[in-house]
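Peer 1: Here it is, the structure in full.
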Amino acid sequence: MTFTRGIGMFFGAIINRIVRWLALSKIHPNVLTFLGLLINIWAAWLFAQGKFGWAGVVVTGAAIFDMVDGRVARATSQVTRFGGFFDSVVDRYSDLALYIGLLVYYASINRFFYIVLTAIVMTGSVMISYTRARAENAIPKCKVGFLERPERVVLIILGALAAWIPGVGDRMAAVLWVIAVLSNVTVIHRMIYTFQQAKLLEDAQLRAAPEPKQKEERVRRD
């Protein structure tokens with residue numbers, strides 16, 4: 001067994017215990033989703049105060065709610081179409097809340113460039129989810145690209161917790177650069193993928209369509 005696999009199994013066992021406990025408590029999965037939003041708003045407030053380390057801890061707690069709400073829904077047979085929709089909408093608000101907290105902080109210390117950088121990150125993060133949602137109106141699935149929400153959350157947590165490392169200082173700016181670049185690369189990847197898949201579907205439909213019957217014209221000769 002590899003070290004990383006051992007870590008995955010350890011944390012997986014913890015998550016499974018949390019899911020079982022929450023399932024027994026009969027709490028509704030949508031309530032868990034909303035609690036995750038409230039915790040992220042708390043983290044945003046900590047970011048705005050410049051308390052990056054504690055914000056990273058709080059975001060980690062919110063991530064746990066994000067991981068378990070869907071599993072609790074499946075464990076308690078409460079999977080619904082609205083639940084998936086609600087989770088997706090709340091996730092967008094959670095993401096934006098964290099970035100707003102960073103915007104407030106960088107504005108308070110007069111770092112105009114980082115304000116613009118954070119705004120670019122916000123745009124890219126929203127466009128990742130939008131391109132997938134819009135693409136799946138045209139093609140069956142568009143779950144491609146590296147930087148999805150779990151990866152973005154992990155990067156934010158790492159950037160925030162780095163504030164507690166002696167001599168490291170603010171590493172959130174570097175994290176924002178990574179998210180800004182990779183999020184927009186992911187959007188472009190999804191656009192190219194959707195173009196390719198839509199073209200394949202259109203070509204398949206053209207091949208499957210019956211050829212129009214040619215009307216036979218009779219030439220009447222005098």
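Going by the structure tokens order, chains are called A, B, ..., each with residues numbered from 1, while ligands are numbered from 1 in the order shown.
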Do you know which residues are at most 9 Å from Ala160 (chain A) counting only C-alpha atoms, after dropping those on the same chain fewer than 3 positions away, and could you put them as a PyMOL selection string?
Peer 2: chain A and resi 47+51-57+155-157+163-164+170-172
Peer 1: Create the file for the chosen residues now, containing N, CA and C atoms and written as a compact mmCIF listing (two decimals), in the first residue's frame.
Peer 2:
```
# COMPACT_ATOMS: atom_id res chain seq x y z
N PHE A 47 -11.08 36.23 5.82
CA PHE A 47 -10.21 36.72 4.74
C PHE A 47 -10.20 38.25 4.71
N LYS A 51 -7.04 37.47 8.29
CA LYS A 51 -6.71 36.30 9.12
C LYS A 51 -6.73 35.06 8.23
N PHE A 52 -5.75 34.96 7.35
CA PHE A 52 -5.74 33.93 6.33
C PHE A 52 -5.65 32.52 6.90
N GLY A 53 -4.81 32.33 7.91
CA GLY A 53 -4.64 31.00 8.48
C GLY A 53 -5.94 30.43 9.02
N TRP A 54 -6.63 31.23 9.83
CA TRP A 54 -7.91 30.78 10.39
C TRP A 54 -8.96 30.61 9.28
N ALA A 55 -8.90 31.47 8.28
CA ALA A 55 -9.82 31.33 7.15
C ALA A 55 -9.61 29.99 6.46
N GLY A 56 -8.34 29.57 6.33
CA GLY A 56 -8.06 28.27 5.72
C GLY A 56 -8.65 27.12 6.52
N VAL A 57 -8.58 27.22 7.84
CA VAL A 57 -9.17 26.18 8.70
C VAL A 57 -10.69 26.12 8.51
N LEU A 155 -6.57 24.62 -3.43
CA LEU A 155 -5.57 25.68 -3.64
C LEU A 155 -5.79 26.85 -2.68
N ILE A 156 -7.05 27.24 -2.49
CA ILE A 156 -7.35 28.34 -1.57
C ILE A 156 -6.96 27.97 -0.15
N ILE A 157 -7.25 26.74 0.26
CA ILE A 157 -6.88 26.29 1.61
C ILE A 157 -5.36 26.32 1.79
N ALA A 163 0.01 31.12 5.34
CA ALA A 163 0.26 32.33 6.15
C ALA A 163 0.83 31.99 7.52
N TRP A 164 0.61 30.76 7.98
CA TRP A 164 1.11 30.33 9.29
C TRP A 164 2.54 29.77 9.23
N ASP A 170 2.51 36.05 2.65
CA ASP A 170 1.29 35.91 1.85
C ASP A 170 1.59 35.12 0.58
N ARG A 171 1.04 33.90 0.51
CA ARG A 171 1.17 33.09 -0.68
C ARG A 171 -0.17 32.99 -1.43
N MET A 172 -1.18 33.69 -0.93
CA MET A 172 -2.47 33.67 -1.60
C MET A 172 -2.38 34.30 -2.99
```
Peer 1: Set the distance at 6 Å and use only C-alpha atoms: which residues neighbour region 27-33 of chain A once local chain neighbours fewer than 2 positions away are removed? I'd like the list as a ChimeraX atom specification.
Peer 2: /A:25,35-36,69,73
Peer 1: I'd like the neighbourhood of Asp95 (chain A) as an MDAnalysis selection string, where a residue qualifies if any of its atoms comes within 12 Å (using only C-alpha atoms), though same-chain residues fewer than 4 positions away should be ignored.
Peer 2: chainID A and resid 36:41 43:44 59 62:63 66 88:91 99:102 118 121:126 128:129 148:150 152:153 156
Peer 1: Give me, please, the distance in Å between CA of Asn137 (chain A) and CA of Thr194 (chain A), quoted to one decimal.
Peer 2: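 According to the coordinates, CA of Asn137 (chain A) and CA of Thr194 (chain A) are separated by 10.3 Å.
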Peer 1: Go through region 31-207 of chain A and collect every residue that DSSP, computed from the backbone, puts in helix (DSSP H, G or I); the answer should be as a PyMOL selection string.
Peer 2: chain A and resi 31-48+52-75+81-108+112-135+149-164+172-207
Peer 1: Using only C-alpha atoms for the distances, tell me which of A:Arg190, A:Lys26, A:Arg17, A:Arg207 is nearest to Leu147 (chain A).
Peer 2: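 Using only C-alpha atoms, Leu147 (chain A) sits closest to A:Arg190.
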Peer 1: Calculated over only C-alpha atoms, which of the candidates A:Phe146, A:Tyr130, A:Phe82, A:Trp45 has the smallest distance to Val104 (chain A)?
Peer 2: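 Once distances to Val104 (chain A) are computed over only C-alpha atoms, the minimum belongs to A:Trp45.
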